[in-house]
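The structure file work_33.txt is reproduced below (compact mmCIF, C-alpha atoms).
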# COMPACT_ATOMS: atom_id res chain seq x y z
CA MET A 213 109.08 114.24 94.58
CA ALA A 214 108.66 110.97 96.43
CA ARG A 215 107.18 108.03 94.58
CA LEU A 216 103.91 106.94 96.13
CA LEU A 217 103.57 103.43 97.55
CA HIS A 218 99.97 102.74 96.61
CA GLY A 219 98.39 99.83 98.46
CA ARG A 220 95.79 98.78 95.92
CA PRO A 221 98.03 96.59 93.70
CA LEU A 222 99.26 94.59 96.71
CA ALA A 223 95.75 94.37 98.18
CA GLU A 224 94.38 92.95 94.94
CA ARG A 225 97.15 90.33 94.83
CA VAL A 226 96.41 89.28 98.42
CA LYS A 227 92.67 89.16 97.78
CA ALA A 228 93.11 87.00 94.68
CA ASP A 229 95.08 84.45 96.69
CA THR A 230 92.56 84.60 99.54
CA ARG A 231 89.66 84.11 97.12
CA ALA A 232 91.29 81.04 95.61
CA ARG A 233 91.87 79.51 99.05
CA ALA A 234 88.30 80.28 100.12
CA ASP A 235 87.01 78.63 96.93
CA ALA A 236 88.99 75.50 97.78
CA LEU A 237 87.41 75.44 101.24
CA ARG A 238 83.90 75.85 99.85
CA ARG A 239 84.46 72.88 97.56
CA ARG A 240 84.86 70.93 100.81
CA ASN A 241 81.61 72.48 102.10
CA ILE A 242 83.55 74.71 104.50
CA HIS A 243 82.47 78.35 104.53
CA PRO A 244 84.84 80.89 106.14
CA MET A 245 83.00 83.16 108.58
CA LEU A 246 84.20 86.38 110.20
CA ALA A 247 82.30 87.74 113.20
CA ILE A 248 82.63 91.49 113.70
CA VAL A 249 81.99 93.02 117.11
CA GLY A 250 81.93 96.73 117.87
CA LEU A 251 80.36 99.01 120.46
CA GLY A 252 78.29 102.01 119.42
CA GLY A 253 80.35 102.94 116.44
CA ASP A 254 80.95 106.38 114.96
CA PRO A 255 80.30 106.98 111.25
CA ALA A 256 83.93 106.19 110.38
CA ALA A 257 83.69 102.80 112.12
CA HIS A 258 80.45 101.95 110.35
CA SER A 259 81.99 102.97 107.02
CA TYR A 260 85.02 100.75 107.70
CA VAL A 261 82.83 97.75 108.51
CA GLN A 262 80.76 98.25 105.36
CA ARG A 263 83.91 98.32 103.22
CA LEU A 264 85.30 95.27 105.01
CA GLU A 265 82.05 93.35 104.48
CA ARG A 266 82.12 94.13 100.75
CA SER A 267 85.72 92.96 100.50
CA ALA A 268 84.88 89.82 102.45
CA THR A 269 82.06 88.98 100.06
CA ASP A 270 84.43 89.53 97.14
CA CYS A 271 86.85 87.04 98.75
CA GLY A 272 84.20 84.41 99.44
CA ILE A 273 84.10 85.08 103.19
CA GLN A 274 80.83 85.40 105.11
CA THR A 275 80.42 87.99 107.85
CA SER A 276 78.15 88.26 110.87
CA GLY A 277 77.67 90.43 113.93
CA GLY A 278 77.97 94.19 114.00
CA PHE A 279 77.63 96.93 116.57
CA LEU A 280 76.33 96.40 120.10
CA PRO A 281 74.80 99.31 122.04
CA ARG A 282 77.36 101.78 123.33
CA ASP A 283 76.23 101.13 126.91
CA THR A 284 77.03 97.40 126.67
CA THR A 285 78.84 96.39 129.84
CA GLU A 286 82.22 94.70 129.95
CA GLY A 287 80.60 91.52 131.21
CA GLN A 288 78.05 91.49 128.39
CA LEU A 289 80.79 92.03 125.82
CA ILE A 290 82.84 89.19 127.27
CA VAL A 291 79.82 86.87 127.10
CA GLN A 292 79.38 87.77 123.43
CA LEU A 293 83.02 87.05 122.64
CA GLU A 294 82.95 83.75 124.51
CA GLN A 295 79.84 82.67 122.61
CA LEU A 296 81.50 83.48 119.29
CA SER A 297 84.67 81.73 120.39
CA SER A 298 82.75 78.51 121.03
CA ASP A 299 80.56 78.76 117.91
CA PRO A 300 81.83 76.20 115.36
CA THR A 301 80.42 78.23 112.46
CA VAL A 302 82.64 81.23 113.33
CA ASN A 303 86.25 81.03 112.16
CA GLY A 304 87.52 84.50 112.95
CA ILE A 305 86.59 87.27 115.40
CA LEU A 306 87.33 90.95 114.87
CA LEU A 307 86.84 93.22 117.89
CA LEU A 308 86.80 96.85 116.83
CA THR A 309 89.02 98.96 119.06
CA PRO A 310 89.50 101.25 120.87
CA LEU A 311 86.60 100.37 123.13
CA PRO A 312 84.55 103.27 124.51
CA GLY A 313 84.30 104.36 128.12
CA ALA A 314 86.08 102.65 130.96
CA LEU A 315 86.09 99.13 129.52
CA ASP A 316 89.29 97.19 130.18
CA GLU A 317 90.31 96.46 126.61
CA ALA A 318 93.15 94.08 127.51
CA HIS A 319 90.88 92.04 129.78
CA VAL A 320 88.18 91.82 127.11
CA ILE A 321 90.65 90.67 124.45
CA ASP A 322 91.70 87.79 126.72
CA HIS A 323 88.29 86.23 126.03
CA ILE A 324 88.78 85.87 122.27
CA ALA A 325 89.74 82.32 121.30
CA ILE A 326 93.39 82.30 120.25
CA ALA A 327 92.62 80.24 117.15
CA LYS A 328 90.02 82.83 116.04
CA ASP A 329 92.01 85.95 116.95
CA VAL A 330 92.55 87.00 113.33
CA GLU A 331 93.70 90.49 114.33
CA GLY A 332 96.50 89.05 116.50
CA MET A 333 95.46 90.97 119.62
CA HIS A 334 95.42 88.14 122.17
CA PRO A 335 98.53 88.16 124.41
CA PHE A 336 99.37 84.60 123.33
CA ASN A 337 99.50 85.68 119.69
CA MET A 338 101.53 88.74 120.68
CA GLY A 339 103.91 86.42 122.50
CA PHE A 340 104.34 84.14 119.49
CA LEU A 341 105.16 87.21 117.40
CA ALA A 342 107.71 88.47 119.92
CA ASP A 343 109.29 85.02 119.97
CA GLY A 344 109.72 85.07 116.21
CA ARG A 345 107.00 82.48 115.58
CA PRO A 346 104.07 84.59 114.37
CA ARG A 347 100.66 82.99 114.02
CA PHE A 348 98.27 85.92 113.63
CA VAL A 349 99.75 89.41 113.32
CA PRO A 350 97.89 92.72 113.71
CA SER A 351 96.94 93.53 110.15
CA THR A 352 98.15 97.15 110.05
CA ALA A 353 101.61 96.17 111.27
CA ASP A 354 101.64 93.31 108.78
CA ALA A 355 100.59 95.70 106.01
CA ILE A 356 103.51 98.02 106.77
CA VAL A 357 106.10 95.33 106.16
CA GLU A 358 104.27 93.68 103.27
CA LEU A 359 103.98 97.03 101.48
CA LEU A 360 107.71 97.71 101.91
CA LYS A 361 108.56 94.26 100.55
CA PHE A 362 106.11 94.61 97.65
CA TYR A 363 107.88 97.79 96.51
CA GLU A 364 111.29 96.20 97.13
CA ILE A 365 112.39 98.69 99.76
CA PRO A 366 115.61 97.25 101.25
CA LEU A 367 114.98 96.07 104.80
CA GLU A 368 118.04 94.03 105.72
CA GLY A 369 120.51 96.28 107.50
CA ALA A 370 118.22 99.31 107.21
CA HIS A 371 117.63 101.58 110.20
CA ALA A 372 113.89 101.88 110.83
CA VAL A 373 112.42 104.36 113.28
CA ILE A 374 108.85 103.64 114.35
CA ILE A 375 106.97 106.53 115.93
CA GLY A 376 104.26 105.03 118.12
CA ARG A 377 104.35 102.04 120.47
CA SER A 378 100.79 100.71 120.28
CA THR A 379 100.14 96.99 120.38
CA VAL A 380 98.40 97.11 117.00
CA ILE A 381 101.00 99.11 115.02
CA GLY A 382 104.28 100.14 116.63
CA ARG A 383 105.33 97.12 118.66
CA PRO A 384 104.27 94.38 116.22
CA ALA A 385 105.77 96.32 113.30
CA ALA A 386 109.05 96.43 115.21
CA TYR A 387 109.07 92.65 115.66
CA LEU A 388 108.31 92.11 111.97
CA LEU A 389 111.07 94.47 110.84
CA LEU A 390 113.53 92.81 113.20
CA ALA A 391 112.66 89.50 111.57
CA GLU A 392 113.69 91.10 108.25
CA ASN A 393 117.07 92.00 109.81
CA ALA A 394 116.39 95.71 110.07
CA THR A 395 117.72 97.72 113.00
CA VAL A 396 114.70 99.13 114.79
CA THR A 397 114.21 102.11 117.08
CA ILE A 398 110.82 102.68 118.70
CA ALA A 399 109.97 106.28 119.56
CA HIS A 400 106.92 107.70 121.30
CA ARG A 401 105.41 110.87 122.76
CA ARG A 402 108.06 111.09 125.51
CA THR A 403 111.04 110.55 123.23
CA LYS A 404 113.48 113.44 123.50
CA ASP A 405 114.92 115.00 120.35
CA LEU A 406 112.79 112.85 118.06
CA ALA A 407 114.05 114.59 114.91
CA LYS A 408 117.62 113.53 115.72
CA LEU A 409 116.47 109.91 115.48
CA THR A 410 114.32 110.25 112.39
CA GLN A 411 117.06 112.14 110.54
CA LEU A 412 119.21 109.01 110.82
CA ALA A 413 116.52 106.61 109.61
CA ASP A 414 116.33 104.87 106.26
CA ILE A 415 112.69 104.00 107.00
CA VAL A 416 110.26 105.98 109.15
CA VAL A 417 106.91 104.53 110.21
CA VAL A 418 104.52 106.94 111.89
CA GLY A 419 101.22 106.06 113.55
CA VAL A 420 100.41 108.52 116.33
CA GLY A 421 97.07 109.95 115.22
CA ARG A 422 98.23 113.55 114.79
CA PRO A 423 97.79 115.24 111.41
CA ALA A 424 100.94 116.71 109.84
CA PHE A 425 103.06 115.40 112.72
CA LEU A 426 105.99 114.22 110.58
CA THR A 427 107.59 116.93 108.45
CA GLY A 428 110.28 116.91 105.83
CA ALA A 429 112.68 118.66 108.21
CA MET A 430 112.61 115.53 110.39
CA LEU A 431 113.92 113.27 107.60
CA LYS A 432 117.15 112.56 105.82
CA ALA A 433 117.11 112.81 102.05
CA GLY A 434 116.00 109.62 100.35
CA ALA A 435 114.19 108.07 103.32
CA THR A 436 111.13 105.86 102.93
CA VAL A 437 108.07 106.92 104.94
CA VAL A 438 105.11 104.72 105.82
CA ASP A 439 102.13 106.70 107.10
CA ALA A 440 99.95 104.59 109.40
CA GLY A 441 97.98 107.53 110.77
CA ILE A 442 94.23 107.93 110.39
CA ASN A 443 92.75 111.33 111.17
CA MET A 444 89.45 112.92 110.23
CA THR A 445 90.10 116.56 109.38
CA PRO A 446 87.92 119.34 107.92
CA ASN A 447 89.48 118.46 104.57
CA GLY A 448 88.74 114.74 104.88
CA LEU A 449 90.86 111.74 105.78
CA ALA A 450 94.52 112.47 106.48
CA GLY A 451 97.52 110.66 107.85
CA ASP A 452 100.27 111.77 110.22
CA VAL A 453 102.54 113.12 107.48
CA GLU A 454 102.83 116.72 106.34
CA LEU A 455 102.53 115.70 102.72
CA GLU A 456 104.22 118.48 100.77
CA SER A 457 107.38 118.82 102.84
CA VAL A 458 107.84 115.07 103.27
CA ALA A 459 107.31 114.39 99.57
CA ASP A 460 110.09 116.88 98.80
CA VAL A 461 112.63 114.99 100.95
CA ALA A 462 111.61 111.32 100.97
CA ASP A 463 112.32 108.86 98.18
CA ALA A 464 109.11 106.90 98.79
CA LEU A 465 105.90 107.56 100.74
CA SER A 466 102.70 105.62 101.42
CA PRO A 467 99.79 108.06 101.02
CA VAL A 468 96.67 108.48 103.14
CA PRO A 469 94.22 107.58 101.77
CA GLY A 470 95.46 105.06 99.22
CA GLY A 471 98.30 103.43 101.13
CA LEU A 472 97.95 100.95 103.98
CA GLY A 473 94.16 100.85 104.29
CA ALA A 474 93.33 98.42 101.49
CA VAL A 475 96.30 96.22 102.37
CA THR A 476 95.29 96.07 106.03
CA ALA A 477 91.78 94.85 105.16
CA ALA A 478 93.10 92.30 102.66
CA LEU A 479 95.54 90.82 105.16
CA LEU A 480 92.84 90.58 107.83
CA LEU A 481 90.66 88.60 105.43
CA ARG A 482 93.61 86.39 104.54
CA ASN A 483 93.94 85.63 108.25
CA VAL A 484 90.28 84.55 108.33
CA VAL A 485 90.93 81.98 105.61
CA THR A 486 94.11 80.85 107.35
CA ALA A 487 92.17 80.37 110.58
CA THR A 488 89.49 78.39 108.72
CA GLU A 489 92.09 76.13 107.12
CA ARG A 490 93.72 75.42 110.47
CA GLN A 491 90.40 74.69 112.16
CA ALA A 492 89.43 72.35 109.33
CA SER A 493 92.68 70.37 109.35

What does the file become when written as structure tokens?
Amino acid sequence: MARLLHGRPLAERVKADTRARADALRRRNIHPMLAIVGLGGDPAAHSYVQRLERSATDCGIQTSGGFLPRDTTEGQLIVQLEQLSSDPTVNGILLLTPLPGALDEAHVIDHIAIAKDVEGMHPFNMGFLADGRPRFVPSTADAIVELLKFYEIPLEGAHAVIIGRSTVIGRPAAYLLLAENATVTIAHRRTKDLAKLTQLADIVVVGVGRPAFLTGAMLKAGATVVDAGINMTPNGLAGDVELESVADVADALSPVPGGLGAVTAALLLRNVVTATERQAS
């Protein structure tokens, strides 16, 4: 059976460091503030925000904002983001995605101040990451690599296959793994013979939003699997991994729930403190 790569120990380490840095800022009368902006919001999104707000409080970070009406127009959303970007009391901005309806998500993200883009979604921050000079990195992608390093999974020279090419998981995770000297293959829904690729991989990262998508038959013995999927099923929260068959083949596996989630939130809050420090320097 695969050993489970639980995220909680790493998340607590990150939060302790973040809390200490936030305390140092408060001693200078500087109070880190994260503004959260979402539209509508299903129960899962509201639950996520509530958990994030509790973690922020635990780290000494204030939060503001919340959910705008679902029928908020693109122009109204942009105005809100521009106001937060120019507000000196706000240090970080989190825009909850995906956005509903026909809103142009990429265009909206352009209106988040680069210095407050703690989720690393602005194209300038994406560009710095691609150039090997990361400033803010999407927190889920960051959590993938930090979790692997925490559990001392060898990255240098390893072949990593990432299933999913989103700008918040697949692509940034590829850049981060390349920086660790891994050999990276990005696969997606139109990749032919996907199993032939994954069966060669030392590390498989999957984040496609399809329950039980990755099976043990798609892996080589001893692989490490990082499950970045989030799916609400009749049996509760599940990832993209078919747990039983993968656990029989893999050497290590991040579970859902209990894997990346806590680490992702902790790294996002760390980015808020980093942004505050930079703005205060």

Arg383 (chain A) environment, 9 Å, only C-alpha atoms, sequence neighbours closer than 4 positions dropped, as a VMD selection string: chain A and resid 353 374 376 to 379 387 to 388 398

Test item: residues at most 8 Å from region 248-265 of chain A, all atoms listed in the file, excluding those fewer than 2 positions along its chain, as a list in words: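 Contacts, with the query itself left out: Leu246, Ser267, Ala268, Thr269, Thr275, Ser276, Gly277, Gly278, Phe279, Leu280, Pro281, Arg282, Asp283, Thr284, Ile305, Leu306, Leu307, Leu308, Thr309, Leu311, Pro312 and Ala477 of chain A.
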
Region 467-470 of chain A environment, 9 Å, all atoms listed in the file, sequence neighbours closer than 6 positions dropped, as number ranges by chain: A: 216-220, 438-442, 449-453, 455

Pairwise distance for CA of Asp270 (chain A) and CA of Leu479 (chain A), rounded to one decimal in Å: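 Here the two named atoms are 13.8 Å from each other.
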
Interatomic distance, CA of Phe362 (chain A) to CA of Val437 (chain A) (Å, one decimal):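 For CA of Phe362 (chain A) relative to CA of Val437 (chain A), the distance reads 14.4 Å.
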
Spatial sel., origin (93.4, 89.5, 122.7), limit 6 Å, only C-alpha atoms, listed as a PyMOL selection string: chain A and resi 321-322+324+333-335

Which of A:Leu409, A:Val380, A:Val475, A:Ala433 sits closest to Pro310 (chain A) [using all atoms listed in the file]: A:Val380

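Between Asp414 (chain A) and the residues A:Leu222, A:Ala355, A:Leu315, A:Val373, the shortest atom-to-atom distance, using only C-alpha atoms, involves A:Val373.
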